[in-house]
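Novice: My structure is stored as structure-v4.txt, with compact mmCIF, C-alpha atoms.
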```txt
# COMPACT_ATOMS: atom_id res chain seq x y z
CA MET A 1 0.00 0.00 0.00
CA ARG A 2 1.28 3.45 -0.92
CA PRO A 3 1.66 6.07 1.75
CA ALA A 4 -1.17 8.55 2.16
CA SER A 5 1.07 11.42 1.08
CA GLU A 6 1.75 9.71 -2.26
CA ARG A 7 -1.95 9.02 -2.84
CA ARG A 8 -2.75 12.62 -1.97
CA ARG A 9 -0.06 13.89 -4.37
CA GLU A 10 -1.48 11.69 -7.16
CA ALA A 11 -4.98 13.01 -6.46
CA VAL A 12 -3.72 16.59 -6.53
CA ASP A 13 -1.82 15.97 -9.78
CA ALA A 14 -4.94 14.46 -11.38
CA HIS A 15 -7.01 17.44 -10.25
CA VAL A 16 -4.45 19.89 -11.63
CA ARG A 17 -4.55 18.06 -14.99
CA ARG A 18 -8.36 18.27 -15.07
CA LEU A 19 -8.25 21.97 -14.20
CA SER A 20 -5.63 22.61 -16.90
CA ILE A 21 -7.83 20.92 -19.50
CA ARG A 22 -10.85 22.95 -18.37
CA LEU A 23 -8.79 26.15 -18.45
CA ALA A 24 -7.80 25.44 -22.06
CA GLU A 25 -11.48 24.84 -22.94
CA LEU A 26 -12.51 28.11 -21.29
CA GLU A 27 -9.76 30.01 -23.09
CA GLU A 28 -11.01 28.62 -26.42
CA GLU A 29 -14.59 29.64 -25.56
CA ARG A 30 -13.41 33.13 -24.56
CA ASP A 31 -11.42 33.55 -27.77
CA LEU A 32 -14.43 32.48 -29.85
CA ALA A 33 -16.72 34.89 -27.96
CA VAL A 34 -14.25 37.74 -28.51
CA ARG A 35 -14.05 36.99 -32.24
CA GLU A 36 -17.85 36.83 -32.52
CA HIS A 37 -18.18 40.11 -30.61
CA ASP A 38 -15.59 41.77 -32.85
CA GLU A 39 -17.38 40.53 -35.98
CA ARG A 40 -20.71 41.91 -34.73
CA ALA A 41 -19.08 45.24 -33.88
CA VAL A 42 -17.59 45.44 -37.38
CA ALA A 43 -21.00 44.71 -38.91
CA TRP A 44 -22.67 47.43 -36.80
CA ARG A 45 -19.99 49.97 -37.70
CA ARG A 46 -20.43 49.11 -41.37
CA MET A 47 -24.22 49.57 -41.10
CA PHE A 48 -23.84 52.95 -39.35
CA ARG A 49 -21.26 54.09 -41.90
CA GLU A 50 -23.55 53.11 -44.79
CA ALA A 51 -26.56 54.80 -43.15
CA ARG A 52 -24.54 57.99 -42.63
CA ARG A 53 -23.39 57.90 -46.25
CA ASP A 54 -26.99 57.38 -47.43
CA ARG A 55 -28.18 60.37 -45.35
CA GLU A 56 -25.39 62.53 -46.72
CA MET A 57 -26.29 61.59 -50.29
CA ALA A 58 -30.01 62.26 -49.73
```
Can the structure from this file be put into structure tokens for me?
Specialist:
Amino acid sequence: MRPASERRREAVDAHVRRLSIRLAELEEERDLAVREHDERAVAWRRMFREARRDREMA
């Protein structure tokens, strides 16, 4: 039987690995959300710019 300290260290290591994987997943989700937000902002700016140009031409 392994000492309790070794079992505890293995459990901590496993938990750290799970947290690292989850952190990577969250970073990917954040990056995707930022890209989607940026794309929406670009679309809104384009719409406002076109509306302003249409008003100026009218």
Novice: What's the separation between CA of Pro3 (chain A) and CA of Ile21 (chain A), in Å to one decimal place?
Specialist: 27.6 Å
Novice: What's the separation between CA of Ala11 (chain A) and CA of Leu26 (chain A), in Å to one decimal place?
Specialist: 22.5 Å
Novice: So what do you get for CA of Phe48 (chain A) versus CA of Glu36 (chain A), distance-wise?
Specialist: 18.5 Å
Novice: Can you report as AutoDock Vina command-line options the centre and edge lengths in Å, to one decimal, of an axis-aligned box around the listed atoms of region 7-20 of chain A padded with 3 Å on each side?
Specialist:
```
--center_x -4.2 --center_y 15.8 --center_z -9.4 --size_x 14.3 --size_y 19.6 --size_z 20.9
```
Novice: Since the input has fewer atoms than a full residue there, write region 41-53 of chain A out with N, CA and C atoms, as a PDB file, keeping the file's coordinate frame.
Specialist:
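This is the output file rebuild-v9.pdb:
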```pdb
ATOM      1  N   ALA A  41     -19.407  43.814 -33.968  1.00  0.00           N
ATOM      2  CA  ALA A  41     -19.080  45.240 -33.880  1.00  0.00           C
ATOM      3  C   ALA A  41     -18.709  45.780 -35.257  1.00  0.00           C
ATOM      4  N   VAL A  42     -17.958  45.012 -36.030  1.00  0.00           N
ATOM      5  CA  VAL A  42     -17.590  45.440 -37.380  1.00  0.00           C
ATOM      6  C   VAL A  42     -18.840  45.590 -38.232  1.00  0.00           C
ATOM      7  N   ALA A  43     -19.761  44.640 -38.123  1.00  0.00           N
ATOM      8  CA  ALA A  43     -21.000  44.710 -38.910  1.00  0.00           C
ATOM      9  C   ALA A  43     -21.810  45.953 -38.533  1.00  0.00           C
ATOM     10  N   TRP A  44     -21.920  46.241 -37.230  1.00  0.00           N
ATOM     11  CA  TRP A  44     -22.670  47.430 -36.800  1.00  0.00           C
ATOM     12  C   TRP A  44     -22.013  48.703 -37.308  1.00  0.00           C
ATOM     13  N   ARG A  45     -20.685  48.775 -37.201  1.00  0.00           N
ATOM     14  CA  ARG A  45     -19.990  49.970 -37.700  1.00  0.00           C
ATOM     15  C   ARG A  45     -20.219  50.145 -39.197  1.00  0.00           C
ATOM     16  N   ARG A  46     -20.196  49.044 -39.922  1.00  0.00           N
ATOM     17  CA  ARG A  46     -20.430  49.110 -41.370  1.00  0.00           C
ATOM     18  C   ARG A  46     -21.849  49.620 -41.650  1.00  0.00           C
ATOM     19  N   MET A  47     -22.836  49.122 -40.898  1.00  0.00           N
ATOM     20  CA  MET A  47     -24.220  49.570 -41.100  1.00  0.00           C
ATOM     21  C   MET A  47     -24.353  51.061 -40.794  1.00  0.00           C
ATOM     22  N   PHE A  48     -23.767  51.522 -39.693  1.00  0.00           N
ATOM     23  CA  PHE A  48     -23.840  52.950 -39.350  1.00  0.00           C
ATOM     24  C   PHE A  48     -23.152  53.801 -40.400  1.00  0.00           C
ATOM     25  N   ARG A  49     -22.003  53.342 -40.874  1.00  0.00           N
ATOM     26  CA  ARG A  49     -21.260  54.090 -41.900  1.00  0.00           C
ATOM     27  C   ARG A  49     -22.092  54.193 -43.173  1.00  0.00           C
ATOM     28  N   GLU A  50     -22.723  53.093 -43.582  1.00  0.00           N
ATOM     29  CA  GLU A  50     -23.550  53.110 -44.790  1.00  0.00           C
ATOM     30  C   GLU A  50     -24.776  54.000 -44.602  1.00  0.00           C
ATOM     31  N   ALA A  51     -25.394  53.953 -43.412  1.00  0.00           N
ATOM     32  CA  ALA A  51     -26.560  54.800 -43.150  1.00  0.00           C
ATOM     33  C   ALA A  51     -26.163  56.274 -43.184  1.00  0.00           C
ATOM     34  N   ARG A  52     -25.009  56.610 -42.613  1.00  0.00           N
ATOM     35  CA  ARG A  52     -24.540  57.990 -42.630  1.00  0.00           C
ATOM     36  C   ARG A  52     -24.285  58.428 -44.075  1.00  0.00           C
ATOM     37  N   ARG A  53     -23.673  57.567 -44.856  1.00  0.00           N
ATOM     38  CA  ARG A  53     -23.390  57.900 -46.250  1.00  0.00           C
ATOM     39  C   ARG A  53     -24.702  58.097 -47.022  1.00  0.00           C
TER      40      ARG A  53
END
```
